[in-house]
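Student: Take a look at this one; I'll ask things after.
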Amino acid sequence: QQSARTLSGVRTLSGTRTLLGVQTLSGTRTLSSGGAGAAGWYSSLSDSPPVHLCEQCLVSLQQVSGLPWWLNIVMSTLAVRTLITLPLAAYQMVIVAKVEALQAEISELVKRLQLEVSVRARERGWTEKQSRFQFQKNLRRIISQLYIRDNCHPFKASLLVWVQLPLWISLSLALRKLSLDKPGLQSELATGGALWFPDLTLPDSTWILPICLGLTNLLIVEMFSLQRVNPSRFQRIVTNSIRMLTVLMVPIAATVPSSMALYWVTSSLVGFGHNLLLRSLLLHRLLRLPAQRSDSPYRDLLAAFFTKYFLVGAH
């Protein structure tokens with residue numbers, strides 16, 4: 001009875017703030033002379049402070065380093081992904097590991113709470129609906145208290161997305177403006193390319209950059225899909241949706257300036273490398289994460305990839 005009282009007496013959380021005013025990009029449309037609404041939307045976004053900040057950083061880094069523009073874009077992308085998104089990805093892993101570690105304790109508390117609610121229901125004559133309401137209310141309180149105790153609220157695991165997506169959009173729009181809307185820099189970018197894309201203000205007519213983007217992103221998607229042994233129906237739908245979006249990005253990348261396509265490819269390649277790095281045993285030990293099920297994560301990943309896409313296909 002004492003433990004039951006403790007469970008039902010967990011204090012509620014107060015003062016929890018929600019993230020307000022965050023705008024998401026959806027329904028991107030092609031700008032045209034008749035699309036006044038889309039033009040106004042794009043103009044306000046491209047003139048936003050984050051985009052101007054990205055422009056200034058890119059131009060300043062190029063002026064200080066003296067690097068050609070294509071290499072400046074590559075190095076800037078590497079720096080941003082390594083200094084900003086990589087630590088956030090590692091932090092996300094720590095939060096997810098803590099949440100997973102709580103599942104056993106939560107399962108035990110659920111059993112005890114069910115017993116407590118059934119006892120209270122008989123004592124107070126609760127209906128089934130009232131009992132279910134009391135159970136769910138107290139379960140939410142208990143789980144919230146556990147998240148506070150271990151400092152691992154699941155929302156913190158989404159911090160990477162809330163930083164990476166706006167950053168990706170801001171840098172993309174900054175490069176587009178520098179390539180098309182800045183006459184003083186347009187000439188530099190027009191001669192700042194390399195190899196098959198000498199002009200960074202024009203789309204890649206060879207489609208090499210767009211295809212590289214699609215293949216790299218598909219590799220990342222498949223690498224994550226291999227982590228799920230028995231994915232749910234919802235997880236399969238999400239994975240297939242991301243696959244379709246990845247394929248859709250290929251023709252889109254073939255219509256934007258090569259500076260943007262180069263940034264997208266570099267960002268995806270660096271992200272792929274970071275995902276491999278985050279699987280290393282050494283990093284898991286440094287972050288004090290639970291031991292992995294395998295001592296050879298890279299070999300197992302490669303074996304799973306060949307088994308799924310080559311051996312199975314051969315049969």
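A note on labels: chains of the structure tokens are A, B, ... as shown, every chain counts residues from 1, and ligands are counted from 1 in their shown order.
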Excluding Met93 (chain A) and residues on its chain fewer than 3 positions from it, collect all residues at most 9 Å away from it, counting only C-alpha atoms, and give them as an MDAnalysis selection string.
Tutor: chainID A and resid 88:90 96:98 157 278 287 289
Student: Using only C-alpha atoms, which residues sit within 8 Å of region 240-253 of chain A once same-chain residues fewer than 2 positions away are excluded, as JSON, numbers by chain?
Tutor: {"A": [203, 209, 210, 211, 213, 214, 217, 218, 221, 236, 237, 238, 255, 256, 260, 261]}
Student: Neighbouring residues of Leu262 (chain A) were defined as those with any atom within 10 Å, considering only C-alpha atoms; residues of the same chain fewer than 4 positions away were excluded. Please report them as a VMD selection string.
Tutor: chain A and resid 70 to 71 73 to 74 77 193 197 200 204 209 to 210 212 to 213 253 257 to 258 266 to 268
Student: Show which residues sit within 12 Å of region 125-133 of chain A, as a PyMOL selection string. Count only C-alpha atoms, and ignore same-chain residues fewer than 5 positions away.
Tutor: chain A and resi 113-120+138-140
Student: Suppose you want the space between CA of Pro166 (chain A) and CA of Leu45 (chain A); what is it in Å?
Tutor: 10.8 Å
Student: Under the rule that only C-alpha atoms are counted, which of A:Arg141, A:Leu67, A:Ser43, A:Pro290 is the nearest residue to Glu100 (chain A)?
Tutor: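 Among A:Arg141, A:Leu67, A:Ser43, A:Pro290, it is A:Pro290 that comes nearest to Glu100 (chain A).
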Student: Mind pulling up the distance from CA of Gln103 (chain A) to CA of Gln134 (chain A)?
Tutor: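 Between CA of Gln134 (chain A) and CA of Gln103 (chain A) the gap is 20.9 Å.
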Student: Skip Arg176 (chain A) itself and residues of its chain fewer than 3 positions away, then list as a list in words all residues within 10 Å of it, counting only C-alpha atoms.
Tutor: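 These residues fall inside the cut-off: Ser46, Glu55, Ser170, Leu171, Ser172, Leu173, Ser179, Leu180, Asp181, Lys182, Leu200, Thr201, Val256, Pro257, Ser258, Ser259 and Met260 of chain A.
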Student: In Å, with one decimal, what is the gap from CA of Gln164 (chain A) to CA of Gly271 (chain A)?
Tutor: 10.9 Å
Student: Could you find all residues in region 94-298 of chain A that DSSP calls alpha helix (DSSP H) from the backbone, and write them as JSON, numbers by chain?
Tutor: {"A": [94, 95, 96, 97, 98, 99, 100, 101, 102, 103, 104, 105, 106, 107, 108, 109, 110, 111, 112, 113, 114, 115, 116, 117, 118, 119, 120, 121, 122, 123, 124, 128, 129, 130, 131, 132, 133, 134, 135, 136, 137, 138, 139, 140, 141, 142, 143, 144, 145, 146, 147, 148, 149, 150, 159, 160, 161, 162, 163, 164, 165, 166, 167, 168, 169, 170, 171, 172, 173, 174, 175, 176, 177, 178, 179, 180, 183, 184, 185, 186, 187, 188, 189, 190, 208, 209, 210, 211, 212, 213, 214, 215, 216, 217, 218, 219, 220, 221, 222, 223, 224, 225, 233, 234, 235, 236, 237, 238, 239, 240, 241, 242, 243, 244, 245, 246, 247, 248, 249, 250, 251, 252, 253, 258, 259, 260, 261, 262, 263, 264, 265, 266, 267, 268, 269, 270, 271, 272, 273, 274, 275, 276, 277, 281, 282, 283, 284, 285, 286, 297, 298]}
